[in-house]
Amino acid sequence: MDKNFYITTPIYYPSGKPHMGHAYSGIVSDVIARFKRLDGFNVEFLTGTDEHGLKIQRAAERKGLDPKTFCDEISKTFKNLSGTLNLSNTDFIRTTEDRHIKSVQKLWKKLEEKNEIYLSKYSGWYSVSDEAFYSEEEIKEENGFKISVNSGSMVEWVEEESFFFKLSNWQNKLLKFYEENPKFILPTARRNEVLSFVKSGLKDLSVSRKSFYWGIKVPSNNEHVIYVWLDALTNYISALNYPDFDKRKYKNFWPADIHMIGKDILRFHAVYWPAFLLAADLEPPKRVYGHGWILSGEEKMSKSKGNILDPIEIVNKYGIDPLRYYLLKEVSFGNDGNISKQKLEDCINSDLANNYGNLCQRVISFAEKNCELTIPKKDNFNTEDLKLLNKISENVEALRSYIDNQELNSYTSFIVDRLFDANKYFNDQEPWKKKSDTGRLNTIVYVSLEMIRKISILLNPIMPDSSLKVLNVFNLKQNDISLDSLKNHENLIINTKIKKINILFKKIEQDD
Ligand code: ME8
């Protein structure tokens with residue numbers, strides 16, 4: 001079996017500070033990347049910044065900086081954000097790097113060689129904020145301004161010489177590709193939107209601009225810069241050293257297993273990108289997942305709306321693991337979701353402090369008082385014990401399938417249910433009343449510790465730091481922290497010392 005796995009986030013425009021929406025794409029991708037590592041996969045996880053185009057050029061001009069200096073600054077804040085969010089990305093690409101520029105120009109040449117690109121004239125609407133061309137049907141007038149129906153961003157009229165990509169040639173081939181790969185676009189509702197867009201007819205796509213300079217030059221005509229989306233999308237293969245097919249990275253990791261993106265940029269990823277790739281004789285990615293928006297009130301968070309929730313402030317106040325857990329549990333994955341401090345605090349108190357934290361604290365303190373802080377020698381498991389333990393060991397395949405289908409809420413609920421089971425088991429078994437039956441008392445402690453081990457492994461992709469703190473109590477080796485080890489009920493070695501544990505999550509005092 002091929003044990004390589006490649007996941008990407010969008011590369012972000014460094015035109016402003018990173019916000020919770022950017023953090024969300026990174027965190028959900030990281031959860032998947034970490035789960036696959038637990039399952040023995042060699043994971044390549046890419047994120048980065050998208051630094052060309054008119055939007056960036058104008059943002060730099062507003063600050064009186066040249067675009068490269070401007071990008072150097074803000075790209076750093078995105079790179080630092082990966083650290084703050086505890087992302088396990090293996091690479092961070094900037095589209096101003098040489099490795100990327102070379103790949104984009106190679107891809108362009110390949111498309112030219114294949115006769116997929118021609119020179120003509122573009123006249124139509126362009127949104128600098130979305131870096132997208134829109135047809136008459138896709139715009140409307142509001143307060144005297146023309147705006148995009150979809151994104152609400154302002155459009156401007158553009159008339160200039162431009163190279164075009166023969167997208168119209170790819171309509172039927174794309175439809176065939178979607179049919180043959182029914183899970184290429186998820187969630188399904190978004191797939192249907194893309195299908196109807198493609199079925200309604202594809203026009204050739206303008207893929208160069210002449211009226212500004214901040215971009216990668218068209219190799220055969222340096223008056224033109226390459227359209228920022230053709231440039232940006234190529235990051236997914238430039239980071240694998242395209243076109244050096246023989247080098248390990250491209251061979252191992254392309255086609256990507258999943259491009260995780262927000263729903264706002266689905267068309268670029270699910271229509272233009274596979275068309276460019278197929279036209280260049282390259283394989284399209286296996287999956288494009290368009291997640292929903294994180295809303296502030298009822299609106300998408302964006303710089304232009306000034307309703308930004310700063311992920312760094314939240315992390316400084318509550319810690320990164322609670323934020324990661326909250327986003328996974330409380331946002332219905334694939335749909336829009338809200339984040340509020342109130343809901344985050346409720347989640348910390350009920351799920352983290354009262355449920356997970358409490359289970360760890362209670363069982364380990366009990367083991368300290370009654371089993372000398374060691375893994376106790378147990379009797380055979382009885383039916384109650386096995387019923388509890390088997391719910392995890394018998395569901396390893398289901399858990400894999402949740403992650404492979406990006407059913408992240410099902411994955412999280414599964415863990416929450418097991419936490420309730422484990423707390424209930426400890427209550428119902430009343431080990432404190434079994435002091436005269438050491439064998440049974442020890443077995444209850446063993447089973448409860450084993451549940452803590454299993455649950456912490458499952459929580460590890462979501463809350464890497466807190467779950468590791470718990471797993472470290474057992475002095476496990478790195479190899480023992482694996483998905484396969486969930487099938488085994490006797491991973492904890494009898495008589496080994498366990499460590500005391502500090503409070504994992506402090507309850508937050510709330511005003512009524
Ligand atoms: O579009 N809720 O960059 P970008 C959830 N450079 N996710 C959000 C969000 C929100 N409110 N706001 C942004 C670009 N995102 C291009 C991408 S990829 C080859 C090029 C997330 O900085 C979401 O994933 O505008 C969205 O697709 C991405 O940030 C857009 O970031």
# chains A, B, ... in the order shown; residues from 1 in each chain; ligands from 1
>>> residues_around(residues="Tyr250 of chain A", least_positions_apart="5", cutoff="10 Å", atoms="only C-alpha atoms", output="PyMOL selection string")
chain A and resi 237-245+255-256
>>> select_by_dssp(residues="segment 190-227 of chain A", states="helix (DSSP H, G or I)", output="MDAnalysis selection string")
chainID A and resid 190:199
>>> write_last_selection(atoms="C-alpha atoms", output="compact mmCIF listing (two decimals), in the first residue's frame")
# COMPACT_ATOMS: atom_id res chain seq x y z
CA ARG A 190 -20.43 22.22 -3.54
CA ARG A 191 -19.73 19.58 -6.17
CA ASN A 192 -23.18 20.21 -7.60
CA GLU A 193 -22.52 23.97 -7.77
CA VAL A 194 -19.31 23.34 -9.72
CA LEU A 195 -21.01 20.90 -12.06
CA SER A 196 -23.74 23.35 -12.95
CA PHE A 197 -21.17 26.10 -13.50
CA VAL A 198 -19.21 23.89 -15.92
CA LYS A 199 -22.34 22.61 -17.64
>>> residues_around(residues="segment 67-69 of chain A", least_positions_apart="3", cutoff="6 Å", atoms="only C-alpha atoms", output="number ranges by chain")
A: 57, 60, 72
>>> write_last_selection(atoms="all heavy atoms", output="PDB file, in the first residue's frame")
ATOM      1  N   GLN A  57       0.300  44.369  -5.118  1.00  0.00           N
ATOM      2  CA  GLN A  57       1.015  45.559  -5.600  1.00  0.00           C
ATOM      3  C   GLN A  57       0.380  46.828  -5.001  1.00  0.00           C
ATOM      4  O   GLN A  57       1.079  47.706  -4.493  1.00  0.00           O
ATOM      5  CB  GLN A  57       0.972  45.621  -7.136  1.00  0.00           C
ATOM      6  CG  GLN A  57       1.788  46.773  -7.709  1.00  0.00           C
ATOM      7  CD  GLN A  57       1.698  46.859  -9.236  1.00  0.00           C
ATOM      8  OE1 GLN A  57       1.857  45.849  -9.923  1.00  0.00           O
ATOM      9  NE2 GLN A  57       1.422  48.040  -9.774  1.00  0.00           N
ATOM     10  N   ALA A  60       1.002  47.207  -1.215  1.00  0.00           N
ATOM     11  CA  ALA A  60       2.363  47.677  -0.960  1.00  0.00           C
ATOM     12  C   ALA A  60       2.471  49.168  -1.245  1.00  0.00           C
ATOM     13  O   ALA A  60       3.063  49.926  -0.462  1.00  0.00           O
ATOM     14  CB  ALA A  60       3.349  46.890  -1.824  1.00  0.00           C
ATOM     15  N   ASP A  72       7.846  40.378   2.283  1.00  0.00           N
ATOM     16  CA  ASP A  72       8.798  39.765   3.220  1.00  0.00           C
ATOM     17  C   ASP A  72       8.297  39.919   4.648  1.00  0.00           C
ATOM     18  O   ASP A  72       8.338  38.993   5.446  1.00  0.00           O
ATOM     19  CB  ASP A  72      10.188  40.413   3.112  1.00  0.00           C
ATOM     20  CG  ASP A  72      10.915  39.981   1.845  1.00  0.00           C
ATOM     21  OD1 ASP A  72      10.456  39.019   1.194  1.00  0.00           O
ATOM     22  OD2 ASP A  72      11.936  40.622   1.497  1.00  0.00           O
TER      23      ASP A  72
END
>>> closest_residue(among="A:Lys36, A:Lys378, A:Lys497, A:Arg418", to="Asn395 of chain A", atoms="only C-alpha atoms")
A:Arg418
>>> closest_residue(among="A:Ile226, A:Lys500, A:Lys317, A:Ile312", to="Asn475 of chain A", atoms="only C-alpha atoms")
A:Lys500
>>> closest_residue(among="A:Ser413, A:Gln342, A:Ser75, A:Asn235", to="ligand 1", atoms="only C-alpha atoms and all ligand atoms")
A:Asn235
